[in-house]
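Following: one structure in structure tokens, then a few remarks.
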There are 2 protein chains.
Amino acid sequence: MNGFSLIYEGFDPAEEGLREALTSTGNGYLCTRGTAEWEDADGVHYPGTYGHGVYNRETTILGGVPVLNEDLVNLPNWLVLKLRIEGEDPIRLADVELLGYRHELEIRTATVIRELRFRDRAGRETSLRSRRFVSMADVHQAGIEWTLTPQNWSGRVEVVSGLDGRVTNSGVARYQQLEGRHLGPGSLRTFGPEVIALKVQTRQSNLYIGEAARTRVRGDRGDRGEPFAVDRSLYQMEDYIQQVLAFDVWQGAAVRVEKMVAFFTSRDPAVSDTLAKAGTSVLRYAGFEEAFARHASAWDELWRVCDVRVPGDDRVQLLLRLYICQIVQVCSHHTADLDAGVPARGLNGEAYRGHVFWDELFVYPFLNFRMPEVTRGLLMYRYRRLGEARAAAREAGIRGAMFPWQSGSEGKEETQRVHLNPLSGRWERDLSHNQRHVNAAIFYNVWHYFQTTEDLAFVRDYGAEMMLEIARFWASIAHFNPERERYEIHGVMGPDEFHEKYPDAAEGGLRNNAYTNVMVAWLCDVAQEVLSLLPATRADALRAKLGLGDEELRTWGDMSRRMFVPFHGDGIISQFEGTSSGSTGSCVPRAMTRTATSSPSRPTR
Amino acid sequence: MNGFSLIYEGFDPAEEGLREALTSTGNGYLCTRGTAEWEDADGVHYPGTYGHGVYNRETTILGGVPVLNEDLVNLPNWLVLKLRIEGEDPIRLADVELLGYRHELEIRTATVIRELRFRDRAGRETSLRSRRFVSMADVHQAGIEWTLTPQNWSGRVEVVSGLDGRVTNSGVARYQQLEGRHLGPGSLRTFGPEVIALKVQTRQSNLYIGEAARTRVRGDRGDRGEPFAVDRSLYQMEDYIQQVLAFDVWQGAAVRVEKMVAFFTSRDPAVSDTLAKAGTSVLRYAGFEEAFARHASAWDELWRVCDVRVPGDDRVQLLLRLYICQIVQVCSHHTADLDAGVPARGLNGEAYRGHVFWDELFVYPFLNFRMPEVTRGLLMYRYRRLGEARAAAREAGIRGAMFPWQSGSEGKEETQRVHLNPLSGRWERDLSHNQRHVNAAIFYNVWHYFQTTEDLAFVRDYGAEMMLEIARFWASIAHFNPERERYEIHGVMGPDEFHEKYPDAAEGGLRNNAYTNVMVAWLCDVAQEVLSLLPATRADALRAKLGLGDEELRTWGDMSRRMFVPFHGDGIISQFEGTSSGSTGSCVPRAMTRTATSSPSRPTR
């Protein structure tokens with residue numbers, strides 16, 4: 001099992017936020033941060049659960065100005081599992097003396113494991129081992145298993161098992177001024193003595209999320225362990241439901257607590273009411289051990305397809321597998337059948353608000369050769385938003401399709417119009433939407449998916465239309481400079497994400513960003529060929545639909561050969577044209593870099 | 001345009017229901033019956049609009065017994081367009097003298113056209129031409145165009161343009177005792193002076209449906225006709241919104257009224273709030289003529305792919321094209337990206353409650369060669385319900401997956417437990433769920449899709465798992481009869497849909513239905529081979545997941561060679577084993593046929 005464990009020894013409050021993100025567990029449908037089950041959101045811990053496509057839009061009034069913001073919603077916390085000993089307050093890491101603490105992501109099965117031994121204020125020593133997974137075999141299933149051993153005492157304990165719909169989006173400090181309440185009042189139900197269930201609705205986007213949990217206590221023999229004599233009591237409020245399981249424990253005798261959870265949203269296919277579906281599903285679930293075995297078996301198949309081996313460097317091998325695990329947690333074969341993009345921060349936290357930028361460009365080369373159906377599914381996220389991209393172009397007086405820099409539920413531009421400058425503390429105009437190169441990336445992604453898979457059906461039905469509309473967009477924002485006899489593109493921001501405008505310019509964007517212009521030259525060349533790949537019926541229909549004439553195709557050909565690319569005097573490509581208007585740009589002035597740095601368009605990763 | 005028009009001359013109230021069904025217009029996402037825009041639901045007319053997957057479950061208390069029923073929901077009526085002349089009651093077909101009337105489905109573009117000329121009670125003669133389409137170019141778009149000409153008068157008219165959420169499911173007489181209210185209270189909005197919008201929610205399944213309509217009046221010059229001076233007034237109630245457009249008309253001068261409609265459900269990808277999406281979409285829509293041209297162009301491409309020509313018989317040619325048009329209206333390329341099955345009555349009415357039986361078996365041979373991506377999408381409807389089929393088998397003590405005879409939102413058995421016997425007027429047990437042959441059909445459909453397309457990726461990721469679980473199901477309900485040395489299957493109902501049990505039997509089902517047994521022999525043979533098609537990684541993983549051993553595969557091989565098939569004494573295959581227990585069944589007794597006929601399991605088509 002070498003190279004499959006990310007391990008943190010000892011608890012460090014300052015590091016816990018990062019550790020939670022890196023030990024997230026997910027299955028390409030649902031992802032939950034690696035927060036200890038018994039901790040609430042505070043400055044140290046942040047239980048967060050996110051699902052593809054579950055966005056909600058809220059308006060915050062800032063100084064009288066309405067600021068719209070769409071968030072990937074933090075979903076009801078299904079982790080809640082707290083231990084009370086002899087009626088005292090629930091155990092928290094901050095309140096006990098830790099005699100041992102280990103926090104691990106078992107990468108092979110994306111399992112988060114905590115092993116701790118602690119002494120409470122009454123001097124009782126207890127050991128607790130927690131294992132948690134989000135099933136790769138059944139996307140709607142998750143499970144927690146506790147193994148609890150009183151080391152120097154016997155007595156009565158209570159385990160609080162809850163589903164908490166009171167959560168908000170409050171995981172990122174710099175968004176704190178924005179409205180973070182996305183969930184409306186909930187409805188609750190029980191399904192028999194063991195199962196509690198909760199349903200909530202997002203406030204604006206009308207999505208329902210149903211969760212159900214079955215909690216059991218057994219002796220330490222896995223699914224075959226003796227059921228324990230347990231007293232159960234129920235507590236419900238508007239958007240929170242819990243069961244308290246009270247039972248006796250004996251010194252040195254391990255007890256297993258397992259919480260199996262079902263999770264559904266109203267975006268899921270084959271679901272009617274999410275509450276009933278979650279409840280009836282969890283009633284059918286196997287015990288933790290059997291469910292975990294199926295989950296592990298599904299990951300086995302994934303590793304046979306996805307593993308990359310680097311002999312001789314254990315650290316590189318570990319990191320590589322950690323990253324593979326992280327990608328697959330967010331983009332698995334289960335993702336292919338969803339309407340999902342690749343959020344910049346995965347489903348591991350709230351930075352970038354769960355928006356989809358251009359990061360997929362870096363993910364697809366991995367997926368294309370291993371699970372191309374996932375790339376196909378993710379590209380469909382773009383195709384389904386082609387109409388919105390066309391409308392965005394049209395409203396800006398541009399032809400073709402202009403995909404947004406930040407995309408969310410509908411494919412509108414979700415880049416904030418203002419952003420908080422963390423140095424000045426002021427809200428300023430956000431110019432980062434000028435990163436039009438996302439449109440080159442989408443074209444590139446479609447083409448490389450096709451190059452890898454030869455999936456002509458995708459290009460015929462979906463891909464070609466995107467490629468042609470993107471080529472048209474670039475031809476529309478480029479202009480021919482007769483002096484240089486070159487095509488130029490002004491007013492865009494390059495992929496460095498810092499240089500958003502010239503120092504004293506009123507408007508955002510730069511002239512002739514080299515990356516952008518080279519990509520456009522390349523894609524104009526490819527775009528000319530796309531139609532010739534298609535069956536004649538389809539090519540004709542597409543040309544008719546888009547009103548695409550020979551003249552336009554000729555322009556693309558011309559652009560492919562005559563895009564302007566700025567060079568330094570010394571033959572090195574400039575990042576973009578400098579502040580001087582000369583055709584050979586100077587080096588990027590440091591002063592400008594700093595100006596831009598003071599208002600980064602994306603939060604620190 | 002030969003062979004592309006279904007035409008009814010003259011209005012016949014007794015025929016109108018059938019004509020409405022046959023002149024439905026749809027695009028594979030949304031379908032609306034060919035009801036005149038100005039008519040409400042009554043004994044003659046039934047405006048109905050249906051969308052794939054929009055089901056709702058209601059319980060009716062019948063004689064103290066709760067009867068559950070899931071319907072494909074009749075959605076808010078977007079057609080509402082009524083004409084008032086000089087402040088009188090709206091024109092209805094029953095209230096005027098028809099001087100001419102023609103009702104047509106223009107098959108090439110699935111356009112419903114009505115041309116009428118009528119004399120009202122005040123002696124005014126008016127002609128009205130209505131054209132209506134549901135766009136094949138933009139699935140969310142529909143449009144109505146009226147051309148209105150006062151023949152012997154001038155004066156003031158009002159056009160009432162509404163969106164009506166007060167509709168129920170009440171289109172089928174024999175379901176009248178069942179709860180037909182599926183929509184909860186609505187919310188309403190206007191978007192500028194021309195656009196009204198309505199949102200409703202299904203009562204149990206929590207689906208939202210948003211509709212918006214933009215109504216304009218112009219001179220008779222298409223999209224370029226002069227806008228008319230129109231007085232608009234708005235009326236809103238909880239689940240209904242209308243605009244009244246009042247304007248002057250002159251004898252002999254044609255006026256065009258156009259209503260463009262946007263339609264969204266919360267199951268659609270890339271939609272946040274359905275009300276806002278519908279409103280903003282319809283604001284962007286082109287005029288009727290331009291929108292219709294795009295629609296017609298999309299149908300042109302479809303006909304190039306789908307047309308079947310039969311020279312020399314105009315009637316056969318017409319019927320063939322009508323059926324092709326009907327299929328594509330329900331199952332188009334737009335359907336491929338939905339979670340949609342093939343409802344027995346398409347999306348053209350409420351018979352069979354919109355449930356999915358085995359009818360896809362007859363549709364796929366057409367689609368496989370023309371639009372295989374549609375078959376693939378529809379087969380995914382089954383795959384997404386494999387878990388439910390497994391649970392159904394498990395709960396019946398059977399292994400593998402048992403797909404239901406009637407399937408709806410979730411893939412549970414939606415066949416009613418009781419049904420109304422139309423002859424006796426009594427509610428009786430419904431035994432038709434024993435038509436297990438649907439499970440052979442699904443296997444057959446996956447295999448034939450693969451045979452046609454060689455889409456191995458589909459078989460690898462989805463198809464093989466269904467096929468193996470179905471083969472296992474059949475092996476589980478079959479038993480080996482050592483006397484005959486043959487495998488037998490008892491307790492099933494064949495595809496004739498009438499013979500549901502032996503005359504005096506307490507339980508439903510027959511012994512050794514020949515169709516079923518032959519299909520099972522065939523599929524057991526194919527099932528053995530499926531694993532060998534897959535990459536080794538996948539085959540191993542699938543065997544591990546299903547716990548599929550060599551012994552089980554051998555049993556399938558044995559079944560493929562030794563299924564019992566009943567024969568008449570004269571060497572002809574019997575439909576099933578007769579009431580005698582002999583190995584050669586007798587002819588099906590007529591008495592039994594009649595017994596069964598009196599309680600048909602499906603309503604008359």
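Here's how to read the names in the structure tokens: chain A, B, ... by the order shown, residue numbers from 1 in each chain, ligand numbers from 1 in the order shown.
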*asked:* I need the contact residues of chain B against chain A, so if you could list those with any atom within 7 Å, counting only C-alpha atoms, and return them as a list in words, that would help.
replied: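 The selection requested is Gln204, Ser205, Asn206, Arg267, Pro269, Ala270, Val271, Ser272, Asp273, Glu301, Asp339, Arg384, Arg385, Ser409, Glu410, Gly411, Thr537 and Ala541 of chain B.
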For those residues, write N, CA, C and O atoms to a file as an mmCIF file, in the first residue's frame.
data_model
loop_
_atom_site.group_PDB
_atom_site.id
_atom_site.type_symbol
_atom_site.label_atom_id
_atom_site.label_comp_id
_atom_site.auth_asym_id
_atom_site.auth_seq_id
_atom_site.Cartn_x
_atom_site.Cartn_y
_atom_site.Cartn_z
ATOM 1 N N GLN B 204 -46.322 16.704 -5.378
ATOM 2 C CA GLN B 204 -45.545 15.716 -4.637
ATOM 3 C C GLN B 204 -44.097 15.635 -5.104
ATOM 4 O O GLN B 204 -43.186 15.486 -4.306
ATOM 5 N N SER B 205 -43.880 15.722 -6.403
ATOM 6 C CA SER B 205 -42.532 15.467 -6.923
ATOM 7 C C SER B 205 -41.677 16.725 -6.969
ATOM 8 O O SER B 205 -40.523 16.672 -7.392
ATOM 9 N N ASN B 206 -42.250 17.866 -6.546
ATOM 10 C CA ASN B 206 -41.469 19.089 -6.367
ATOM 11 C C ASN B 206 -40.793 19.586 -7.641
ATOM 12 O O ASN B 206 -39.717 20.178 -7.585
ATOM 13 N N ARG B 267 -36.170 20.166 -14.264
ATOM 14 C CA ARG B 267 -35.336 19.025 -14.655
ATOM 15 C C ARG B 267 -34.377 19.400 -15.782
ATOM 16 O O ARG B 267 -33.490 18.620 -16.121
ATOM 17 N N PRO B 269 -31.288 20.906 -17.735
ATOM 18 C CA PRO B 269 -29.961 21.366 -17.370
ATOM 19 C C PRO B 269 -29.826 22.859 -17.646
ATOM 20 O O PRO B 269 -30.600 23.427 -18.422
ATOM 21 N N ALA B 270 -28.844 23.468 -17.007
ATOM 22 C CA ALA B 270 -28.487 24.871 -17.274
ATOM 23 C C ALA B 270 -29.623 25.845 -16.979
ATOM 24 O O ALA B 270 -29.732 26.882 -17.614
ATOM 25 N N VAL B 271 -30.470 25.490 -16.025
ATOM 26 C CA VAL B 271 -31.546 26.398 -15.628
ATOM 27 C C VAL B 271 -31.480 26.584 -14.121
ATOM 28 O O VAL B 271 -31.370 25.614 -13.383
ATOM 29 N N SER B 272 -31.557 27.810 -13.680
ATOM 30 C CA SER B 272 -31.644 28.077 -12.256
ATOM 31 C C SER B 272 -33.127 28.215 -11.908
ATOM 32 O O SER B 272 -33.805 27.218 -11.730
ATOM 33 N N ASP B 273 -33.668 29.406 -11.896
ATOM 34 C CA ASP B 273 -35.098 29.556 -11.631
ATOM 35 C C ASP B 273 -35.873 29.489 -12.950
ATOM 36 O O ASP B 273 -35.598 30.246 -13.876
ATOM 37 N N GLU B 301 -33.350 18.824 -41.781
ATOM 38 C CA GLU B 301 -32.237 17.915 -41.500
ATOM 39 C C GLU B 301 -32.767 16.558 -41.026
ATOM 40 O O GLU B 301 -32.277 15.500 -41.429
ATOM 41 N N ASP B 339 -33.635 12.556 -19.241
ATOM 42 C CA ASP B 339 -33.848 11.256 -18.593
ATOM 43 C C ASP B 339 -35.236 10.773 -19.001
ATOM 44 O O ASP B 339 -36.186 10.841 -18.226
ATOM 45 N N ARG B 384 -30.477 3.956 -15.384
ATOM 46 C CA ARG B 384 -30.595 4.778 -14.173
ATOM 47 C C ARG B 384 -31.587 4.181 -13.176
ATOM 48 O O ARG B 384 -31.644 4.584 -12.032
ATOM 49 N N ARG B 385 -32.387 3.240 -13.630
ATOM 50 C CA ARG B 385 -33.373 2.582 -12.764
ATOM 51 C C ARG B 385 -33.005 1.125 -12.470
ATOM 52 O O ARG B 385 -33.837 0.376 -11.977
ATOM 53 N N SER B 409 -41.408 7.715 -12.885
ATOM 54 C CA SER B 409 -40.291 8.584 -12.507
ATOM 55 C C SER B 409 -39.111 7.788 -11.963
ATOM 56 O O SER B 409 -37.969 8.065 -12.305
ATOM 57 N N GLU B 410 -39.393 6.812 -11.114
ATOM 58 C CA GLU B 410 -38.306 6.206 -10.354
ATOM 59 C C GLU B 410 -37.957 4.788 -10.794
ATOM 60 O O GLU B 410 -36.959 4.240 -10.347
ATOM 61 N N GLY B 411 -38.807 4.204 -11.629
ATOM 62 C CA GLY B 411 -38.528 2.836 -12.046
ATOM 63 C C GLY B 411 -39.129 1.797 -11.124
ATOM 64 O O GLY B 411 -38.784 0.620 -11.197
ATOM 65 N N THR B 537 -10.242 -5.595 -17.538
ATOM 66 C CA THR B 537 -10.431 -4.816 -16.305
ATOM 67 C C THR B 537 -11.903 -4.685 -15.975
ATOM 68 O O THR B 537 -12.337 -4.869 -14.839
ATOM 69 N N ALA B 541 -14.112 -6.506 -13.004
ATOM 70 C CA ALA B 541 -14.775 -5.643 -12.022
ATOM 71 C C ALA B 541 -16.269 -5.950 -11.965
ATOM 72 O O ALA B 541 -16.877 -5.967 -10.895
#
*segment 257-259 of chain A surroundings by only C-alpha atoms, 10 Å radius, close-in-sequence under 4 positions cut, as number ranges by chain*: A: 78-81, 130-132, 142-148, 159, 161-162, 194-195, 212-220, 222-223, 228, 245, 287-289
Using N, CA, C and O atoms, can you write the selected residues to a file as a CSV table (one decimal), in the first residue's frame?
chain,number,residue,atom,x,y,z
A,78,TRP,N,-24.2,16.2,6.9
A,78,TRP,CA,-24.6,14.8,7.2
A,78,TRP,C,-23.6,14.1,8.2
A,78,TRP,O,-23.9,13.0,8.6
A,79,LEU,N,-22.5,14.8,8.5
A,79,LEU,CA,-21.5,14.2,9.3
A,79,LEU,C,-21.9,14.1,10.8
A,79,LEU,O,-21.6,13.1,11.4
A,80,VAL,N,-22.7,15.1,11.3
A,80,VAL,CA,-22.9,15.2,12.7
A,80,VAL,C,-23.0,13.9,13.5
A,80,VAL,O,-23.9,13.1,13.4
A,81,LEU,N,-21.9,13.7,14.3
A,81,LEU,CA,-21.9,12.5,15.1
A,81,LEU,C,-21.0,12.9,16.3
A,81,LEU,O,-19.9,13.2,16.2
A,130,SER,N,-12.2,6.6,13.7
A,130,SER,CA,-13.3,7.0,12.8
A,130,SER,C,-12.9,6.7,11.3
A,130,SER,O,-11.7,7.1,10.9
A,131,ARG,N,-13.7,6.1,10.6
A,131,ARG,CA,-13.5,5.9,9.2
A,131,ARG,C,-14.7,6.4,8.4
A,131,ARG,O,-15.8,6.2,8.8
A,132,ARG,N,-14.5,7.0,7.3
A,132,ARG,CA,-15.6,7.7,6.6
A,132,ARG,C,-15.3,7.6,5.1
A,132,ARG,O,-14.2,7.9,4.6
A,142,ALA,N,-23.1,7.3,1.7
A,142,ALA,CA,-21.9,7.6,2.4
A,142,ALA,C,-22.0,6.9,3.8
A,142,ALA,O,-23.1,6.5,4.2
A,143,GLY,N,-20.9,6.7,4.4
A,143,GLY,CA,-20.9,6.0,5.7
A,143,GLY,C,-19.8,6.4,6.6
A,143,GLY,O,-18.7,6.9,6.2
A,144,ILE,N,-20.1,6.4,7.9
A,144,ILE,CA,-19.2,6.7,9.0
A,144,ILE,C,-19.2,5.5,9.9
A,144,ILE,O,-20.2,5.0,10.3
A,145,GLU,N,-18.0,5.1,10.3
A,145,GLU,CA,-17.9,4.1,11.3
A,145,GLU,C,-17.0,4.5,12.5
A,145,GLU,O,-15.9,5.0,12.2
A,146,TRP,N,-17.5,4.4,13.7
A,146,TRP,CA,-16.6,4.7,14.8
A,146,TRP,C,-16.3,3.4,15.6
A,146,TRP,O,-17.2,2.6,15.8
A,147,THR,N,-15.1,3.3,16.0
A,147,THR,CA,-14.8,2.2,16.9
A,147,THR,C,-14.3,2.9,18.2
A,147,THR,O,-13.3,3.7,18.2
A,148,LEU,N,-15.1,2.7,19.3
A,148,LEU,CA,-15.0,3.4,20.5
A,148,LEU,C,-14.5,2.5,21.6
A,148,LEU,O,-15.2,1.5,21.8
A,159,VAL,N,-24.5,8.9,21.9
A,159,VAL,CA,-24.0,9.3,20.6
A,159,VAL,C,-25.1,10.1,19.9
A,159,VAL,O,-26.3,9.7,19.8
A,161,SER,N,-26.5,11.7,16.6
A,161,SER,CA,-26.4,11.5,15.2
A,161,SER,C,-27.4,12.4,14.5
A,161,SER,O,-28.6,12.3,14.7
A,162,GLY,N,-26.9,13.4,13.8
A,162,GLY,CA,-27.8,14.4,13.2
A,162,GLY,C,-27.6,14.7,11.8
A,162,GLY,O,-26.7,14.2,11.1
A,194,GLU,N,-34.8,3.6,13.2
A,194,GLU,CA,-33.3,3.9,13.1
A,194,GLU,C,-33.0,5.0,12.1
A,194,GLU,O,-31.9,5.5,12.1
A,195,VAL,N,-34.0,5.4,11.4
A,195,VAL,CA,-33.7,6.4,10.3
A,195,VAL,C,-34.3,7.7,10.5
A,195,VAL,O,-35.5,7.9,10.7
A,212,ALA,N,-30.8,11.2,4.4
A,212,ALA,CA,-31.4,10.3,5.5
A,212,ALA,C,-30.2,9.6,6.1
A,212,ALA,O,-29.2,9.3,5.4
A,213,ALA,N,-30.3,9.3,7.4
A,213,ALA,CA,-29.2,8.6,8.1
A,213,ALA,C,-29.8,7.5,8.9
A,213,ALA,O,-30.8,7.6,9.6
A,214,ARG,N,-29.1,6.4,8.9
A,214,ARG,CA,-29.4,5.2,9.8
A,214,ARG,C,-28.2,5.0,10.7
A,214,ARG,O,-27.1,4.7,10.2
A,215,THR,N,-28.5,5.1,12.0
A,215,THR,CA,-27.4,4.9,12.9
A,215,THR,C,-27.6,3.7,13.8
A,215,THR,O,-28.7,3.5,14.3
A,216,ARG,N,-26.5,2.9,13.9
A,216,ARG,CA,-26.6,1.6,14.6
A,216,ARG,C,-25.4,1.5,15.6
A,216,ARG,O,-24.3,2.1,15.3
A,217,VAL,N,-25.6,0.8,16.6
A,217,VAL,CA,-24.5,0.5,17.5
A,217,VAL,C,-24.3,-1.0,17.6
A,217,VAL,O,-25.3,-1.8,17.7
A,218,ARG,N,-23.1,-1.5,17.5
A,218,ARG,CA,-22.9,-3.0,17.6
A,218,ARG,C,-21.6,-3.3,18.3
A,218,ARG,O,-20.8,-2.4,18.5
A,219,GLY,N,-21.4,-4.5,18.7
A,219,GLY,CA,-20.2,-5.0,19.2
A,219,GLY,C,-19.1,-4.9,18.1
A,219,GLY,O,-19.4,-4.7,17.0
A,220,ASP,N,-17.9,-5.2,18.5
A,220,ASP,CA,-16.8,-4.9,17.6
A,220,ASP,C,-16.6,-6.1,16.6
A,220,ASP,O,-15.5,-6.7,16.6
A,222,GLY,N,-17.8,-6.0,13.2
A,222,GLY,CA,-18.2,-5.6,11.9
A,222,GLY,C,-19.7,-5.8,11.7
A,222,GLY,O,-20.5,-5.6,12.7
A,223,ASP,N,-20.2,-6.1,10.5
A,223,ASP,CA,-21.6,-6.1,10.3
A,223,ASP,C,-22.3,-7.3,11.0
A,223,ASP,O,-23.5,-7.4,11.2
A,228,PHE,N,-26.5,-3.7,19.9
A,228,PHE,CA,-26.4,-3.3,21.3
A,228,PHE,C,-27.8,-2.9,21.8
A,228,PHE,O,-28.6,-2.5,21.0
A,245,LEU,N,-28.5,8.2,20.8
A,245,LEU,CA,-28.4,6.8,21.1
A,245,LEU,C,-27.6,6.7,22.4
A,245,LEU,O,-26.5,7.0,22.5
A,287,GLY,N,-24.8,-3.0,5.8
A,287,GLY,CA,-24.0,-2.4,6.9
A,287,GLY,C,-22.7,-1.8,6.4
A,287,GLY,O,-22.4,-1.9,5.2
A,288,PHE,N,-22.0,-1.1,7.2
A,288,PHE,CA,-20.8,-0.3,6.8
A,288,PHE,C,-19.8,-1.2,6.1
A,288,PHE,O,-19.3,-0.9,5.1
A,289,GLU,N,-19.6,-2.4,6.7
A,289,GLU,CA,-18.5,-3.2,6.2
A,289,GLU,C,-18.8,-3.7,4.8
A,289,GLU,O,-17.9,-3.6,3.9
_Given only C-alpha atoms as the counted atoms, nearest of B:Arg33, B:Arg129, B:His182, B:Lys199 to Leu163 of chain B_ =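 Of B:Arg33, B:Arg129, B:His182, B:Lys199, the one nearest Leu163 of chain B, counting only C-alpha atoms, is B:Lys199.
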_Of the listed residues B:Ala393, B:Val167, B:Ala527, B:Leu534, that which approaches Asn74 of chain B most closely, counting only C-alpha atoms_ =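 Nearest candidate to Asn74 of chain B out of B:Ala393, B:Val167, B:Ala527, B:Leu534: B:Val167.
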*Tell me, as JSON, numbers by chain, which residues lie within 7 Å of segment 554-561 of chain A, counting only C-alpha atoms; anything in the same chain fewer than 6 positions away does not count.*
{"A": [475, 487, 521, 522, 524, 525, 528]}
Those residues you just picked out, can you put them in a file as a PDB file, in the first residue's frame with N, CA and C atoms?
ATOM      1  N   ALA A 475     -13.024  35.777 -34.547  1.00  0.00           N
ATOM      2  CA  ALA A 475     -12.950  36.593 -35.769  1.00  0.00           C
ATOM      3  C   ALA A 475     -13.680  37.911 -35.566  1.00  0.00           C
ATOM      4  N   TYR A 487      -3.691  40.541 -37.926  1.00  0.00           N
ATOM      5  CA  TYR A 487      -4.890  40.620 -37.098  1.00  0.00           C
ATOM      6  C   TYR A 487      -4.490  40.848 -35.650  1.00  0.00           C
ATOM      7  N   ALA A 521      -4.804  31.811 -33.564  1.00  0.00           N
ATOM      8  CA  ALA A 521      -4.236  31.438 -34.869  1.00  0.00           C
ATOM      9  C   ALA A 521      -4.411  29.926 -35.085  1.00  0.00           C
ATOM     10  N   TRP A 522      -4.122  29.181 -34.050  1.00  0.00           N
ATOM     11  CA  TRP A 522      -4.240  27.719 -34.151  1.00  0.00           C
ATOM     12  C   TRP A 522      -5.698  27.294 -34.365  1.00  0.00           C
ATOM     13  N   CYS A 524      -8.207  28.939 -35.492  1.00  0.00           N
ATOM     14  CA  CYS A 524      -8.775  29.344 -36.787  1.00  0.00           C
ATOM     15  C   CYS A 524      -8.373  28.338 -37.871  1.00  0.00           C
ATOM     16  N   ASP A 525      -7.192  27.808 -37.743  1.00  0.00           N
ATOM     17  CA  ASP A 525      -6.742  26.800 -38.697  1.00  0.00           C
ATOM     18  C   ASP A 525      -7.598  25.529 -38.574  1.00  0.00           C
ATOM     19  N   GLN A 528     -11.416  25.685 -39.799  1.00  0.00           N
ATOM     20  CA  GLN A 528     -11.678  25.535 -41.242  1.00  0.00           C
ATOM     21  C   GLN A 528     -11.944  24.093 -41.637  1.00  0.00           C
TER      22      GLN A 528
END
*Please indicate the distance in Å from atom CA of Gly491 of chain A to atom CA of Ala505 of chain A, rounded to one decimal place.*
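Atom-to-atom, atom CA of Gly491 of chain A and atom CA of Ala505 of chain A are spaced 10.9 Å apart.
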*How many Å separate atom CA of Leu347 of chain B from atom CA of Met402 of chain B?*
25.5 Å
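The space separating atom CA of Pro566 of chain A from atom CA of Trp447 of chain A comes to 26.2 Å.
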*Please provide as an NGL selection string all residues within 9 Å of Tyr449 of chain A, with the sequence filter that same-chain residues fewer than 4 positions apart are discarded (counting only C-alpha atoms).*
:A and (364-365 or 368 or 372 or 375-376 or 444-445 or 453-455)
Please produce a file of the residues just selected, as a tab-separated table (two decimals), in the first residue's frame, where the atoms kept are N, CA and C atoms.
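Generated file (part03.tsv):
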chain	number	residue	atom	x	y	z
A	364	TYR	N	-8.46	17.46	-18.51
A	364	TYR	CA	-8.85	16.55	-19.61
A	364	TYR	C	-7.71	15.69	-20.14
A	365	PRO	N	-6.49	16.21	-20.23
A	365	PRO	CA	-5.44	15.33	-20.75
A	365	PRO	C	-5.31	14.04	-19.94
A	368	ASN	N	-8.86	12.07	-20.75
A	368	ASN	CA	-9.08	11.64	-22.14
A	368	ASN	C	-8.57	10.22	-22.40
A	372	PRO	N	-12.56	8.66	-21.01
A	372	PRO	CA	-12.98	9.70	-21.96
A	372	PRO	C	-14.46	10.05	-21.83
A	375	THR	N	-14.79	13.18	-19.80
A	375	THR	CA	-14.56	14.40	-20.57
A	375	THR	C	-15.79	14.75	-21.40
A	376	ARG	N	-16.32	13.74	-22.05
A	376	ARG	CA	-17.50	13.97	-22.89
A	376	ARG	C	-18.63	14.59	-22.07
A	444	TYR	N	-10.15	24.08	-27.74
A	444	TYR	CA	-9.02	23.15	-27.61
A	444	TYR	C	-9.46	21.83	-26.97
A	445	ASN	N	-10.29	21.93	-25.95
A	445	ASN	CA	-10.74	20.74	-25.22
A	445	ASN	C	-11.59	19.82	-26.10
A	453	THR	N	-10.07	10.32	-28.84
A	453	THR	CA	-11.09	9.26	-28.83
A	453	THR	C	-11.63	8.91	-30.21
A	454	GLU	N	-11.45	9.81	-31.18
A	454	GLU	CA	-12.11	9.68	-32.48
A	454	GLU	C	-13.63	9.56	-32.33
A	455	ASP	N	-14.18	10.21	-31.30
A	455	ASP	CA	-15.62	10.19	-31.09
A	455	ASP	C	-16.27	11.22	-32.02
*Pick from A:Gly346, A:Trp250, A:Arg232, A:Arg92: nearest to Trp153 of chain A, with only C-alpha atoms counted?*
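Looking only at the distances to Trp153 of chain A, the closest residue turns out to be A:Trp250.
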*Taking the backbone alone, and naming residues the way the document does, which bits of segment 111-153 of chain B are strand (DSSP E or B) by DSSP, as a VMD selection string?*
chain B and resid 111 to 119 125 to 134 141 to 150
